[in-house]
Amino acid sequence: MAMIPATLLLEERAALAMNAVVGLADDDQDGIPFFSANLLARPARLEHGDWDYGSSHGRLTDAILLARQMTGSKDWEPGWDAVADRYRQTLLALLGADGLTYRREHPRGHWKANANLIDQRATLLALTTTVVATGDPVARAAADRQVAALKRIAIKERDVWFYPASEYTAAGWPSSNAVDLHLAPDPASFSGRLIMPLLRYHQATGNPDALELCEWFARLVVDKSGVFLPDGSFNAARVFRSGHFHTRVGTLEGLARLARHTGDHGLTQFVRRSYDWVLTQATGFGWTPGDLADQRYEHETCSLVDLIGLGATLAGSGLTEYWPVVERFVRNHLAASQLLDVSWVESASDRSGDVPGWRTQVDVGERVLGAFCGYGAPNDYVSDVPLGRGHTNDVQACCVGSGVRGLFWAWNSVVTGDRSVARVNLLLSRAHRFVDVLSHLPVEGKVELLVNEPVEELRVRVPDWAGYARLTLRRDGGAHDGADDGERTGAERIWAPDGYLSIPRPRPGERIVVTFPMAARTTTELAAGNEFRTGWRGDDVVAIDPPGRSRPMYGDRPEHAGGLRDYEIHRPETEWSW
């Protein structure tokens, strides 16, 4: 084991989230996961719903693969692999002969066995991650069939392709009139959010239909739909689901990736304009409204993860000013939105109140430990306010899966680049083939870099608030020429043109220590018209007033306690990205 700072460790959080990922499985339903949890109920309860199928299986299978890459399956409990395999088998079994994923009817459910377009996105996400992670030919064949089906069912006209309804049926689209009159539902929900997995699948396999769909959907969203207004804001019209943040930002993330893939700088600027507007609606620590209407008081972890992925995509495209945004959101609302304590959740002692195959009240808290909030407040895991829709779901399977994806996106972005120039973009701990990053933030302004492989230049992003005149850099050990040994201050010429700290020719075995003063500040954050006075230490929120009531998110956070601990950080044999 090795001594590392006892600060936020993303791979550890991913392992913890696995408890909730597998804990949602319902043995009474052959492992079909529960979708939602009400933790304020006495006793608390887990319930099924219409998102149990392609959506939940896709999200959770995706999360399992990402967590496995981050952790190497370290700290996994016996039986988790069996649940993961059952999720994967059901994911494939839900795919119909036509290539689309179909929901199963339930005697207590209100839905039919249709192919919902949101389910298609989550299923393709999981199949693509499977192909990227394992090269599984079964998953690839299934994804090829699904992409072909998504192309086949699209209504194709000279200047636009679209889906005329939210659900496709075994008999085709439910209304020919919707086709004739172009009565398409929200193109961000049902077309735009498909761009991200479609593009990644094309990049992984070369599938031409996947890229063609991306380009047509981008044209639909950007040029035809009016989802995004000229100033980048969201169209709040009811027909577009009242400006729903998750679908909007998820669409923008896919568009940003497509822009980078095709070299379309105009599309990048389109996305950037909207992202900058979105940031005016979010708090500085990452809370977002659910939409522009009744859900505006409810934050979905899914939306936050979209913001993290979009920020990382833009920053990776050269707009490095968005890395601080990503770091703040990960350190704060993503980490704080994970359920680390369930002592406040009251579960039933027996199954007398259960409805087998539909609802359970037993071991609810234990089963969702590690989950990310489904609908949360800026200062509380639970959104329970007399505004909008009031109290709804505290846990949702989609947000559990998305939370792990957010952890992965950040973990995958800590170190990027190649042997020519390797960059440390986020000051979070992780092990990487080029350099291990050990972050002491926010306890102290100290980052240790342990070099594993030689690179021509190592660049390290230093926070704007760090006070560069008091920054110090020390290089110890390693088989280099010694010209840069010893301590250097921020006043010397140690900066790269992109604003990063430049460390030339680090060598294997070298230990580089960067230190800088920590800054404390207080801001007033506005969330859906409500003010929250927020205390910061560096990029971490250390206090919020007013505090939460049910399960406060900010205050005594474990990653702020300081000290060291024994932990062997996982370094993957192969790096792969999304």
# chains A, B, ... in the order shown; residues from 1 in each chain; ligands from 1
>>> residues_around(residues="segment 174-189 of chain A", least_positions_apart="6", cutoff="12 Å", atoms="only C-alpha atoms", output="short mmCIF file (atom, residue, chain, number, x, y, z; two decimals) with C-alpha atoms, in the first residue's frame")
data_model
loop_
_atom_site.label_atom_id
_atom_site.label_comp_id
_atom_site.auth_asym_id
_atom_site.auth_seq_id
_atom_site.Cartn_x
_atom_site.Cartn_y
_atom_site.Cartn_z
CA ASN A 114 -42.96 0.37 -27.57
CA ALA A 115 -39.48 1.46 -28.61
CA ASN A 116 -38.95 4.74 -26.74
CA LEU A 117 -36.29 6.97 -28.32
CA ILE A 118 -34.73 7.80 -24.94
CA ASP A 119 -34.31 4.06 -24.33
CA GLN A 120 -32.54 3.78 -27.70
CA ARG A 121 -29.96 6.35 -26.59
CA ALA A 122 -29.14 4.62 -23.30
CA ILE A 153 -37.13 4.61 -39.07
CA ALA A 154 -36.05 8.25 -39.49
CA ILE A 155 -38.34 10.30 -41.71
CA LYS A 156 -36.05 11.56 -44.48
CA GLU A 157 -36.69 14.71 -46.44
CA VAL A 160 -34.02 17.29 -42.66
CA TRP A 161 -34.31 13.88 -40.99
CA PHE A 162 -36.56 13.57 -37.96
CA TYR A 163 -38.57 11.27 -35.70
CA PRO A 164 -42.28 12.21 -35.61
CA ALA A 165 -43.02 10.72 -32.18
CA SER A 166 -41.31 9.80 -28.94
CA GLU A 167 -42.02 6.09 -29.41
CA TYR A 168 -41.85 3.74 -32.37
CA ILE A 195 -25.41 12.21 -31.27
CA MET A 196 -22.92 11.48 -28.49
CA TRP A 216 -28.58 15.02 -40.00
CA PHE A 217 -29.59 15.33 -36.34
CA ALA A 218 -27.20 18.26 -35.89
CA ARG A 219 -28.82 20.00 -38.85
CA LEU A 220 -32.28 19.35 -37.39
CA VAL A 221 -31.38 20.72 -33.96
CA VAL A 222 -29.23 23.69 -35.00
CA ASP A 223 -30.91 24.91 -38.19
CA LYS A 224 -34.51 23.77 -38.01
CA SER A 225 -35.87 23.16 -34.52
CA GLY A 226 -35.53 26.42 -32.61
CA VAL A 227 -34.60 24.48 -29.46
CA PHE A 228 -31.76 26.94 -28.88
CA PHE A 234 -33.18 27.42 -24.23
CA ASN A 235 -36.54 27.75 -25.91
CA ALA A 236 -39.02 27.51 -23.05
CA ALA A 237 -42.02 26.67 -25.25
CA ARG A 238 -44.10 23.80 -23.91
CA VAL A 239 -43.68 21.83 -27.11
CA PHE A 240 -39.98 21.64 -26.27
CA ARG A 241 -40.53 20.30 -22.74
CA SER A 242 -40.18 23.71 -21.10
CA GLY A 243 -36.45 23.99 -21.70
CA HIS A 244 -35.46 20.70 -20.07
CA PHE A 245 -31.81 20.98 -19.04
CA HIS A 246 -30.76 17.34 -19.24
CA THR A 247 -31.86 16.91 -22.84
CA ARG A 248 -30.56 20.35 -23.87
CA VAL A 249 -27.09 20.05 -22.38
CA GLY A 250 -26.79 16.41 -23.45
CA THR A 251 -27.50 17.53 -27.00
CA LEU A 252 -24.89 20.29 -26.74
CA GLU A 253 -22.32 17.77 -25.54
CA GLY A 254 -22.90 15.63 -28.61
CA LEU A 255 -22.74 18.67 -30.88
#
>>> closest_atom_pairs(of="segment 362-416 of chain A", to="segment 60-70 of chain A", cutoff="10 Å", atoms="only C-alpha atoms", output="JSON lines")
{"residue": "A:Ala397", "atom": "CA", "partner": "A:Leu60", "partner_atom": "CA", "distance": 7.5}
{"residue": "A:Cys398", "atom": "CA", "partner": "A:Leu60", "partner_atom": "CA", "distance": 7.7}
{"residue": "A:Cys399", "atom": "CA", "partner": "A:Leu60", "partner_atom": "CA", "distance": 9.5}
{"residue": "A:Val400", "atom": "CA", "partner": "A:Leu60", "partner_atom": "CA", "distance": 7.5}
{"residue": "A:Gly401", "atom": "CA", "partner": "A:Leu60", "partner_atom": "CA", "distance": 4.9}
{"residue": "A:Ser402", "atom": "CA", "partner": "A:Ala63", "partner_atom": "CA", "distance": 7.2}
{"residue": "A:Gly403", "atom": "CA", "partner": "A:Ala63", "partner_atom": "CA", "distance": 8.2}
{"residue": "A:Val404", "atom": "CA", "partner": "A:Ala63", "partner_atom": "CA", "distance": 5.5}
{"residue": "A:Arg405", "atom": "CA", "partner": "A:Ala63", "partner_atom": "CA", "distance": 6.2}
{"residue": "A:Gly406", "atom": "CA", "partner": "A:Ala63", "partner_atom": "CA", "distance": 9.7}
{"residue": "A:Leu407", "atom": "CA", "partner": "A:Ala67", "partner_atom": "CA", "distance": 8.7}
{"residue": "A:Phe408", "atom": "CA", "partner": "A:Leu66", "partner_atom": "CA", "distance": 6.3}
{"residue": "A:Trp409", "atom": "CA", "partner": "A:Leu66", "partner_atom": "CA", "distance": 9.3}
{"residue": "A:Trp411", "atom": "CA", "partner": "A:Met70", "partner_atom": "CA", "distance": 7.7}
{"residue": "A:Asn412", "atom": "CA", "partner": "A:Met70", "partner_atom": "CA", "distance": 8.7}
>>> write_last_selection(atoms="C-alpha atoms", output="CSV table (one decimal), in the first residue's frame")
chain,number,residue,atom,x,y,z
A,397,ALA,CA,-31.5,4.8,-11.8
A,398,CYS,CA,-30.6,7.1,-14.7
A,399,CYS,CA,-28.8,9.5,-12.3
A,400,VAL,CA,-27.0,6.6,-10.6
A,401,GLY,CA,-25.6,5.5,-13.9
A,402,SER,CA,-24.9,9.1,-15.0
A,403,GLY,CA,-23.1,9.9,-11.8
A,404,VAL,CA,-20.5,7.2,-12.5
A,405,ARG,CA,-20.1,8.6,-16.1
A,406,GLY,CA,-19.4,12.0,-14.6
A,407,LEU,CA,-16.7,10.5,-12.3
A,408,PHE,CA,-15.2,8.8,-15.3
A,409,TRP,CA,-15.3,11.9,-17.5
A,411,TRP,CA,-11.0,10.9,-14.1
A,412,ASN,CA,-10.3,10.5,-17.8
>>> residues_around(residues="segment 517-521 of chain A", least_positions_apart="6", cutoff="9 Å", atoms="only C-alpha atoms", output="number ranges by chain")
A: 441-446, 465-468, 470-471, 534-539
>>> write_last_selection(atoms="C-alpha atoms", output="compact mmCIF listing (two decimals), in the first residue's frame")
# COMPACT_ATOMS: atom_id res chain seq x y z
CA LEU A 441 -6.47 20.26 -2.26
CA PRO A 442 -8.40 21.83 -0.59
CA VAL A 443 -6.67 20.99 2.69
CA GLU A 444 -3.47 22.62 1.44
CA GLY A 445 -2.27 24.02 -1.85
CA LYS A 446 -0.02 21.14 -2.77
CA TRP A 465 -6.89 32.02 -7.52
CA ALA A 466 -3.59 30.33 -6.54
CA GLY A 467 -1.40 33.45 -6.49
CA TYR A 468 1.27 32.67 -9.08
CA ARG A 470 3.93 32.67 -4.43
CA LEU A 471 3.90 29.41 -6.38
CA THR A 534 -21.52 29.95 -0.07
CA GLY A 535 -18.11 29.67 1.56
CA TRP A 536 -15.21 28.43 -0.57
CA ARG A 537 -11.72 27.17 0.06
CA GLY A 538 -10.03 27.11 -3.32
CA ASP A 539 -12.42 25.30 -5.65
>>> residues_around(residues="Glu300 of chain A", least_positions_apart="4", cutoff="8 Å", atoms="only C-alpha atoms", output="MDAnalysis selection string")
chainID A and resid 246 288:290 304 373:376 399
>>> write_last_selection(atoms="N, CA, C and O atoms", output="compact mmCIF listing (two decimals), in the first residue's frame")
# COMPACT_ATOMS: atom_id res chain seq x y z
N HIS A 246 -31.49 18.58 -18.95
CA HIS A 246 -30.76 17.34 -19.24
C HIS A 246 -30.72 17.08 -20.74
O HIS A 246 -29.65 16.78 -21.30
N THR A 288 -27.99 22.73 -11.10
CA THR A 288 -28.71 23.26 -12.26
C THR A 288 -30.20 23.08 -12.05
O THR A 288 -30.64 22.13 -11.38
N PRO A 289 -31.02 23.96 -12.62
CA PRO A 289 -32.46 23.71 -12.59
C PRO A 289 -32.82 22.55 -13.49
O PRO A 289 -32.11 22.25 -14.45
N GLY A 290 -33.94 21.89 -13.18
CA GLY A 290 -34.38 20.79 -14.03
C GLY A 290 -34.88 21.25 -15.37
O GLY A 290 -34.65 20.61 -16.40
N LEU A 304 -26.05 17.63 -14.46
CA LEU A 304 -24.72 18.01 -14.00
C LEU A 304 -23.65 17.24 -14.78
O LEU A 304 -22.62 17.80 -15.19
N CYS A 373 -28.03 11.75 -6.42
CA CYS A 373 -29.40 12.21 -6.24
C CYS A 373 -30.17 12.26 -7.55
O CYS A 373 -29.62 12.60 -8.60
N GLY A 374 -31.45 11.91 -7.47
CA GLY A 374 -32.32 11.97 -8.62
C GLY A 374 -32.86 13.37 -8.82
O GLY A 374 -32.78 13.94 -9.91
N TYR A 375 -33.44 13.95 -7.78
CA TYR A 375 -33.88 15.34 -7.79
C TYR A 375 -33.41 15.97 -6.49
O TYR A 375 -33.91 15.64 -5.42
N GLY A 376 -32.45 16.88 -6.57
CA GLY A 376 -31.85 17.44 -5.37
C GLY A 376 -31.95 18.95 -5.31
O GLY A 376 -32.19 19.63 -6.31
N CYS A 399 -29.80 8.61 -12.91
CA CYS A 399 -28.82 9.47 -12.26
C CYS A 399 -27.72 8.66 -11.57
O CYS A 399 -26.59 9.13 -11.45
>>> atom_distance(atom1="atom CA of Tyr275 of chain A", atom2="atom CA of Gly316 of chain A")
14.8 Å
>>> closest_residue(among="A:Asn425, A:Gln203, A:Gln295, A:Thr524", to="Val325 of chain A", atoms="only C-alpha atoms")
A:Asn425
>>> residues_around(residues="Val147 of chain A", least_positions_apart="6", cutoff="9 Å", atoms="only C-alpha atoms", output="list in words")
Gly99, Leu100, Leu124, Leu198, Asn207, Asp209, Ala210 and Leu213 of chain A
>>> residues_around(residues="Val382 of chain A", least_positions_apart="4", cutoff="10 Å", atoms="only C-alpha atoms", output="list of chain:residue names")
A:Asn38, A:Leu39, A:Leu40, A:Glu298, A:His299, A:Ser337, A:Cys373, A:Gly374, A:Tyr375, A:Gly376, A:Ala377, A:Pro378, A:His391, A:Thr392, A:Asn393, A:Asp394, A:Val395, A:Gly548, A:Arg549, A:Ser550, A:Arg551, A:Pro552, A:Met553
>>> atom_distance(atom1="atom CA of Leu426 of chain A", atom2="atom CA of Ala312 of chain A")
10.2 Å
>>> residues_around(residues="Glu568 of chain A", least_positions_apart="3", cutoff="10 Å", atoms="only C-alpha atoms", output="list of chain:residue names")
A:Met1, A:Ala2, A:Met3, A:Ile4, A:Lys74, A:Ala431, A:Arg565, A:Arg571
>>> closest_residue(among="A:Gly266, A:Pro463, A:Gly529, A:Gly370", to="Arg296 of chain A", atoms="only C-alpha atoms")
A:Gly529
>>> atom_distance(atom1="atom CA of Gly72 of chain A", atom2="atom CA of Gly23 of chain A")
19.9 Å
>>> select_by_dssp(residues="segment 32-92 of chain A", states="strand (DSSP E)", output="list in words")
Ser36, Ala37, Asn38, Arg45, Leu46 and Glu47 of chain A
>>> select_by_dssp(residues="segment 138-333 of chain A", states="helix (DSSP H, G or I)", output="ChimeraX atom specification")
/A:138-153,176-180,187-190,192-205,208-225,238-240,245-262,265-281,301-316,320-333
